Amino acid sequence: MFMAKFLSIFLIGFFCHIFLFEPASLSASTFRLSSIIVNGNNRLSDEAIVNYARLNPMADLSSEELNTAYKQIVDTGLFKNVIFKKDGQKLIITVEEYPTVNEISFEGNKKFTDEKLASFLKTKSNFALTPISLEKDLVYLQAVYKNSGRYAARVQSKVINLSNNRVNLIFEIYEGSVVEIEKINFVGNREFSDRRLRRVLNTKQAGLLRKIILRDTLIEEKISLDKRLLVDFYRSRGFADFKINDVNAEISEEKDGFFITYNITEGPKFVFGEVKLSSNVKEVSVSTFKNSIKIKSGDTYSPSIVQFAVTELEDELQTRGFEFVRVRPLIKRNLESLTLDFDLIFEKGDRLFIERIDISGNIATLDRVLRRQFFIVEGDPFNPREIRAAADRIRALGLFSDTSVTTSSGSTNSQVIIDAKVVEQPTGSLTFGAGYSSQAGLGVLAEYGERNFLGRGQSLSFTINTGKDDQLYELSFYEPMFLRNDLGFGLNLSVKDTKQQNALYDTENLQFQPFVVYPLGERSKIKIDYSISQTDLSNPGDVGSIITNEVNEGEVISSSVGYVFSHDTRLYKSGSDNGIIFKLGQQFTGLGGDKTAMKTTIKVAAQRNTFKEDLKLTAELETGLLTYTTGNSRVIDRFFLNSRKMRGFDAGGIGPRECSNKQCGISNNDALGGENFAVARFEAEFPLGLPDEYGMSGGLFYDIGNLWSLKKVNNNVLYEDGSWRHAIGASLFWKTPIGPLRFNFSDVLKKEQYDMEESFDLTISTRF
């Protein structure tokens, strides 16, 4: 019995010693700490470890404070083991450090370089190797290969122990092959074909020519984006009840391709019915705002049209001093007539104010780039519509792969906090392209661009465009929000040099052009510029007297001011890009120098998608007028109709030309350009029936144009009175990794005797 009691007392005392004096708790009572001794550390200093513990000598410490100090050292994640031991009034801290990484290497990687993979790691050379950081590195490297389409990739780590608690870390990688998206299918679509819906998606499927055709791999983030794009596509075309039931991604039995299927319900197509205004606010009269509604009964329903109407009404309310009045659209469905009736209701909103705007996720981009997209500041009334508009403006910058703008409660009931979170994406680009025409030969394009220069949201680009007979070097800079408002400011500097491009003479053009851009409304803007240029004609060959006299003028320096007004009805449509563009530009020369002139250009273009959007019809009308009140124009100042303006002809192929004795031979074929031009272009683009992943479509075009008028002529000048030329042709559009290419095959229907034709040209495609 005595022995049993003695044994019980001994065990109780032993466990009390363990729990009271080992790391969990060193003492049940307080004691005065006179000094701290650290053992076992090699990489970290004694002071650093004591600092982690946050203990001060000559202080009375409780067991709870010692436990907290112990936990703080353990939580650093730098030590395999930590032991606290009390020796009188001294505290002995014994640590066992994790090994230090001597070198990191990779084996088996071909897709990514060692430097690229190392940039993804949290573990670094000369730092501690912890199990947590190593595990995170393995998971992240696996994700890197998965996002590149290599779903079979495996990543393992190997640790080689060295002396002095150092290790070499090796990542052994099996990359595997790329698993591409083999096919994208749709179930439930009746209005639009699979081919048309695939064009909506950001993700592209692979094909037989996958080595040179754009294709894609399965990335979950892209699927989320594609779902949003598909919803926007349908709803902007009147399908208000459209929904995606499911997206199924299956991998093939051979593990070499994914098959993605979208199960959708289109629902009926709606048009706008009756649209009226109502007011629940006594101070707001409906009659005042009736003329502000631009929605027309019978038009195809689109959420963006409704949102635009709400925006205009709320802007007008704010202008009239109703800060806290909101517009709520109430929708009534009429299934029999397939119309949507809208009642836009004025009602009072909560009296809320902005406490602050928090921005996160931007690493390279400065805060002010995002903050200036908010047209409200701290202390302003809270407007949900303005918050949504700010989010749209941030997305429109094109600097971020993901944007989220949310609100939360502020420090008081009348305040809210705006939280803007972004995920940055690469903003630099390096482009190489080539073009070919039967007259100008092969041309090469190299362009470097940065859309977020120094994180300021500014654009900087440098372009080199060279051909057989011409070179263009251009440097451009643009600040979209100069002086922190809607005013954009830019600079263009260009050097152009041509050698015998249109005749036997060379040209040089050096131009410096600062400009500002300012919006005049939701769809309109104006650009105002000042330009100073130096032009020179030189090295005349066997040319006529007109160009010879212009060459003899030598270098000409001129300065001018001008503007370009543009109106684009497509700008704020999330759906079909049907619409009209109108541009009016005028340049006034004569701010110094011997010549005074006015140059006017007008362009009107319209686009319409029809036949379930498989056929795109485009019509463009363009004209120009150059008038000199003092002095005469030179060939370098006048209009020419190149292949972008008039297909089927060389850049100097039509218009006035000087021919000695009315004979235009190879040695004397001087295109003079014209002071007036007019051209109309009509085009139809359609699918070719090829698999959509090839990115190819066809087109037919018809162009009619005229170039005429010279202030100074002689008896050897032909076609100064003008003559209409006609050309037809076929185009092949091809979306390739180097950019969208366009192949034009032209046939001239009507021309003049000495016009110069161009039956084929290849260019980087530009679309209306």
# chains A, B, ... in the order shown; residues from 1 in each chain; ligands from 1
>>> residues_around(residues="Leu641 (chain A)", least_positions_apart="5", cutoff="10 Å", atoms="only C-alpha atoms", output="JSON, numbers by chain")
{"A": [646, 647, 649, 650, 651, 652, 653, 654, 655, 673, 674, 677, 678, 679, 705, 706, 707]}
>>> select_by_dssp(residues="region 122-358 of chain A", states="alpha helix (DSSP H)", output="number ranges by chain")
A: 131-147, 194-200, 220-235, 303-319
>>> atom_distance(atom1="CA of Asn81 (chain A)", atom2="CA of Leu66 (chain A)")
16.3 Å
>>> closest_residue(among="A:Ser731, A:Ser304, A:Thr403, A:Thr100", to="Ala420 (chain A)", atoms="only C-alpha atoms")
A:Thr403
>>> closest_residue(among="A:Asn609, A:Thr406, A:Asn715, A:Gln458", to="Gly544 (chain A)", atoms="only C-alpha atoms")
A:Asn715
>>> residues_around(residues="Ser524 (chain A)", least_positions_apart="3", cutoff="10 Å", atoms="only C-alpha atoms", output="PyMOL selection string")
chain A and resi 518-521+565-569+571+581-583
>>> residues_around(residues="Glu182 (chain A)", least_positions_apart="5", cutoff="8 Å", atoms="only C-alpha atoms", output="PyMOL selection string")
chain A and resi 205-207+257-259
>>> write_last_selection(atoms="N, CA and C atoms", output="short mmCIF file (atom, residue, chain, number, x, y, z; two decimals), in the first residue's frame")
data_model
loop_
_atom_site.label_atom_id
_atom_site.label_comp_id
_atom_site.auth_asym_id
_atom_site.auth_seq_id
_atom_site.Cartn_x
_atom_site.Cartn_y
_atom_site.Cartn_z
N GLN A 205 -10.47 25.48 -79.74
CA GLN A 205 -10.17 24.05 -79.85
C GLN A 205 -9.03 23.83 -80.83
N ALA A 206 -8.41 22.66 -80.71
CA ALA A 206 -7.29 22.31 -81.58
C ALA A 206 -7.81 21.67 -82.86
N GLY A 207 -6.93 21.42 -83.80
CA GLY A 207 -7.31 20.82 -85.07
C GLY A 207 -6.15 20.10 -85.71
N GLY A 257 -6.56 14.58 -75.05
CA GLY A 257 -7.44 15.65 -75.47
C GLY A 257 -8.68 15.77 -74.59
N PHE A 258 -9.18 17.01 -74.48
CA PHE A 258 -10.41 17.27 -73.73
C PHE A 258 -11.56 17.52 -74.70
N PHE A 259 -12.74 17.11 -74.29
CA PHE A 259 -13.98 17.39 -75.01
C PHE A 259 -14.88 18.18 -74.07
#
>>> closest_residue(among="A:Met598, A:Ile636, A:Val748, A:Leu134", to="Asn509 (chain A)", atoms="only C-alpha atoms")
A:Ile636
>>> residues_around(residues="Arg372 (chain A)", least_positions_apart="6", cutoff="12 Å", atoms="only C-alpha atoms", output="list of chain:residue names")
A:Ile357, A:Ile359, A:Leu366, A:Ala390, A:Ala391, A:Arg393, A:Ile394, A:Leu397, A:Arg456, A:Gly457, A:Pro480, A:Met481, A:Phe482, A:Leu483, A:Arg484, A:Asn485, A:Asp486, A:Leu487
>>> write_last_selection(atoms="all heavy atoms", output="CSV table (one decimal), in the first residue's frame")
chain,number,residue,atom,x,y,z
A,357,ILE,N,-11.9,54.2,-50.3
A,357,ILE,CA,-11.7,53.3,-51.4
A,357,ILE,C,-10.4,52.5,-51.2
A,357,ILE,O,-9.3,53.1,-51.2
A,357,ILE,CB,-11.7,54.0,-52.8
A,357,ILE,CG1,-13.0,54.8,-52.9
A,357,ILE,CG2,-11.5,53.0,-53.9
A,357,ILE,CD1,-13.0,55.6,-54.2
A,359,ILE,N,-7.7,49.6,-52.4
A,359,ILE,CA,-7.3,48.9,-53.7
A,359,ILE,C,-6.2,47.9,-53.3
A,359,ILE,O,-5.3,48.1,-52.5
A,359,ILE,CB,-6.7,50.0,-54.6
A,359,ILE,CG1,-7.8,50.9,-55.1
A,359,ILE,CG2,-6.1,49.3,-55.8
A,359,ILE,CD1,-7.3,52.1,-55.9
A,366,LEU,N,0.4,51.4,-60.3
A,366,LEU,CA,0.3,52.3,-59.2
A,366,LEU,C,-1.2,52.5,-58.8
A,366,LEU,O,-2.1,52.3,-59.6
A,366,LEU,CB,0.8,53.7,-59.6
A,366,LEU,CG,2.3,53.8,-60.0
A,366,LEU,CD1,2.6,55.2,-60.4
A,366,LEU,CD2,3.2,53.3,-58.9
A,390,ALA,N,-17.3,52.3,-62.7
A,390,ALA,CA,-15.8,52.3,-62.4
A,390,ALA,C,-15.2,50.9,-62.6
A,390,ALA,O,-14.1,50.8,-63.1
A,390,ALA,CB,-15.6,52.8,-60.9
A,391,ALA,N,-15.9,49.9,-62.2
A,391,ALA,CA,-15.5,48.5,-62.4
A,391,ALA,C,-15.3,48.3,-63.9
A,391,ALA,O,-14.3,47.6,-64.4
A,391,ALA,CB,-16.4,47.5,-61.8
A,393,ARG,N,-14.7,50.5,-66.2
A,393,ARG,CA,-13.6,51.3,-66.7
A,393,ARG,C,-12.3,50.6,-66.4
A,393,ARG,O,-11.3,50.7,-67.1
A,393,ARG,CB,-13.6,52.7,-66.1
A,393,ARG,CG,-14.7,53.6,-66.8
A,393,ARG,CD,-14.5,55.1,-66.3
A,393,ARG,NE,-14.9,55.3,-64.9
A,393,ARG,CZ,-16.1,55.6,-64.5
A,393,ARG,NH1,-17.1,55.8,-65.4
A,393,ARG,NH2,-16.4,55.8,-63.3
A,394,ILE,N,-12.2,50.0,-65.2
A,394,ILE,CA,-11.0,49.3,-64.8
A,394,ILE,C,-10.7,48.1,-65.7
A,394,ILE,O,-9.6,47.9,-66.2
A,394,ILE,CB,-11.0,48.8,-63.3
A,394,ILE,CG1,-11.0,50.1,-62.4
A,394,ILE,CG2,-9.9,47.9,-63.0
A,394,ILE,CD1,-11.2,49.7,-60.9
A,397,LEU,N,-9.3,49.0,-69.1
A,397,LEU,CA,-7.9,49.4,-69.2
A,397,LEU,C,-7.1,48.3,-69.9
A,397,LEU,O,-6.1,48.5,-70.5
A,397,LEU,CB,-7.4,49.6,-67.8
A,397,LEU,CG,-7.9,50.9,-67.1
A,397,LEU,CD1,-7.3,50.9,-65.7
A,397,LEU,CD2,-7.5,52.1,-67.8
A,456,ARG,N,2.1,53.2,-64.7
A,456,ARG,CA,1.3,54.4,-64.6
A,456,ARG,C,0.1,54.4,-65.5
A,456,ARG,O,-0.6,55.4,-65.7
A,456,ARG,CB,2.2,55.6,-65.1
A,456,ARG,CG,3.4,55.8,-64.1
A,456,ARG,CD,4.4,56.9,-64.7
A,456,ARG,NE,5.5,57.1,-63.9
A,456,ARG,CZ,5.6,58.0,-62.9
A,456,ARG,NH1,4.6,58.7,-62.6
A,456,ARG,NH2,6.7,58.1,-62.2
A,457,GLY,N,-0.2,53.2,-66.2
A,457,GLY,CA,-1.3,53.1,-67.1
A,457,GLY,C,-1.1,53.8,-68.4
A,457,GLY,O,-2.0,54.1,-69.2
A,480,PRO,N,-3.7,58.3,-70.8
A,480,PRO,CA,-5.1,58.4,-71.0
A,480,PRO,C,-5.8,59.4,-70.0
A,480,PRO,O,-7.0,59.8,-70.4
A,480,PRO,CB,-5.6,57.0,-70.7
A,480,PRO,CG,-4.5,56.4,-69.8
A,480,PRO,CD,-3.2,57.0,-70.2
A,481,MET,N,-5.2,59.7,-68.9
A,481,MET,CA,-5.9,60.6,-68.0
A,481,MET,C,-4.9,61.7,-67.5
A,481,MET,O,-4.5,61.7,-66.4
A,481,MET,CB,-6.5,59.8,-66.8
A,481,MET,CG,-7.5,58.8,-67.2
A,481,MET,SD,-8.4,58.1,-65.8
A,481,MET,CE,-9.6,59.4,-65.5
A,482,PHE,N,-4.6,62.6,-68.4
A,482,PHE,CA,-3.7,63.7,-68.2
A,482,PHE,C,-4.4,64.6,-67.2
A,482,PHE,O,-5.6,64.9,-67.3
A,482,PHE,CB,-3.4,64.4,-69.5
A,482,PHE,CG,-2.4,65.5,-69.4
A,482,PHE,CD1,-1.1,65.2,-68.9
A,482,PHE,CD2,-2.7,66.8,-69.7
A,482,PHE,CE1,-0.1,66.2,-68.8
A,482,PHE,CE2,-1.7,67.8,-69.7
A,482,PHE,CZ,-0.4,67.4,-69.2
A,483,LEU,N,-3.6,65.2,-66.2
A,483,LEU,CA,-4.1,66.1,-65.2
A,483,LEU,C,-5.2,65.4,-64.4
A,483,LEU,O,-6.1,66.1,-63.8
A,483,LEU,CB,-4.6,67.4,-65.8
A,483,LEU,CG,-3.6,68.2,-66.6
A,483,LEU,CD1,-4.3,69.4,-67.2
A,483,LEU,CD2,-2.4,68.5,-65.8
A,484,ARG,N,-5.2,64.0,-64.4
A,484,ARG,CA,-6.1,63.2,-63.5
A,484,ARG,C,-7.6,63.5,-63.8
A,484,ARG,O,-8.4,63.6,-63.0
A,484,ARG,CB,-5.8,63.4,-62.0
A,484,ARG,CG,-4.4,63.1,-61.7
A,484,ARG,CD,-4.2,63.0,-60.2
A,484,ARG,NE,-2.9,62.6,-59.9
A,484,ARG,CZ,-2.4,62.3,-58.6
A,484,ARG,NH1,-3.3,62.4,-57.6
A,484,ARG,NH2,-1.2,61.9,-58.4
A,485,ASN,N,-7.9,63.7,-65.1
A,485,ASN,CA,-9.3,63.7,-65.5
A,485,ASN,C,-9.4,63.0,-66.9
A,485,ASN,O,-8.5,62.2,-67.2
A,485,ASN,CB,-9.8,65.2,-65.6
A,485,ASN,CG,-8.9,66.0,-66.5
A,485,ASN,OD1,-8.3,65.5,-67.5
A,485,ASN,ND2,-8.7,67.3,-66.2
A,486,ASP,N,-10.5,63.2,-67.6
A,486,ASP,CA,-10.8,62.5,-68.8
A,486,ASP,C,-9.9,63.0,-70.0
A,486,ASP,O,-10.0,62.4,-71.1
A,486,ASP,CB,-12.2,62.7,-69.2
A,486,ASP,CG,-13.1,61.8,-68.3
A,486,ASP,OD1,-12.6,60.9,-67.6
A,486,ASP,OD2,-14.4,62.0,-68.4
A,487,LEU,N,-9.1,63.9,-69.8
A,487,LEU,CA,-8.3,64.5,-70.9
A,487,LEU,C,-7.1,63.5,-71.1
A,487,LEU,O,-6.3,63.3,-70.2
A,487,LEU,CB,-7.8,65.9,-70.5
A,487,LEU,CG,-7.0,66.6,-71.6
A,487,LEU,CD1,-7.9,66.9,-72.8
A,487,LEU,CD2,-6.3,67.9,-71.0
>>> closest_residue(among="A:Asn147, A:Ser337, A:Thr319, A:Asn452", to="Val369 (chain A)", atoms="only C-alpha atoms")
A:Asn452
>>> residues_around(residues="Ile528 (chain A)", least_positions_apart="6", cutoff="8 Å", atoms="only C-alpha atoms", output="PyMOL selection string")
chain A and resi 515-517+561-564
>>> residues_around(residues="Ser360 (chain A)", least_positions_apart="5", cutoff="10 Å", atoms="only C-alpha atoms", output="list in words")
Asp367, Leu370, Asp419, Ala420, Lys421, Val422 and Val423 of chain A
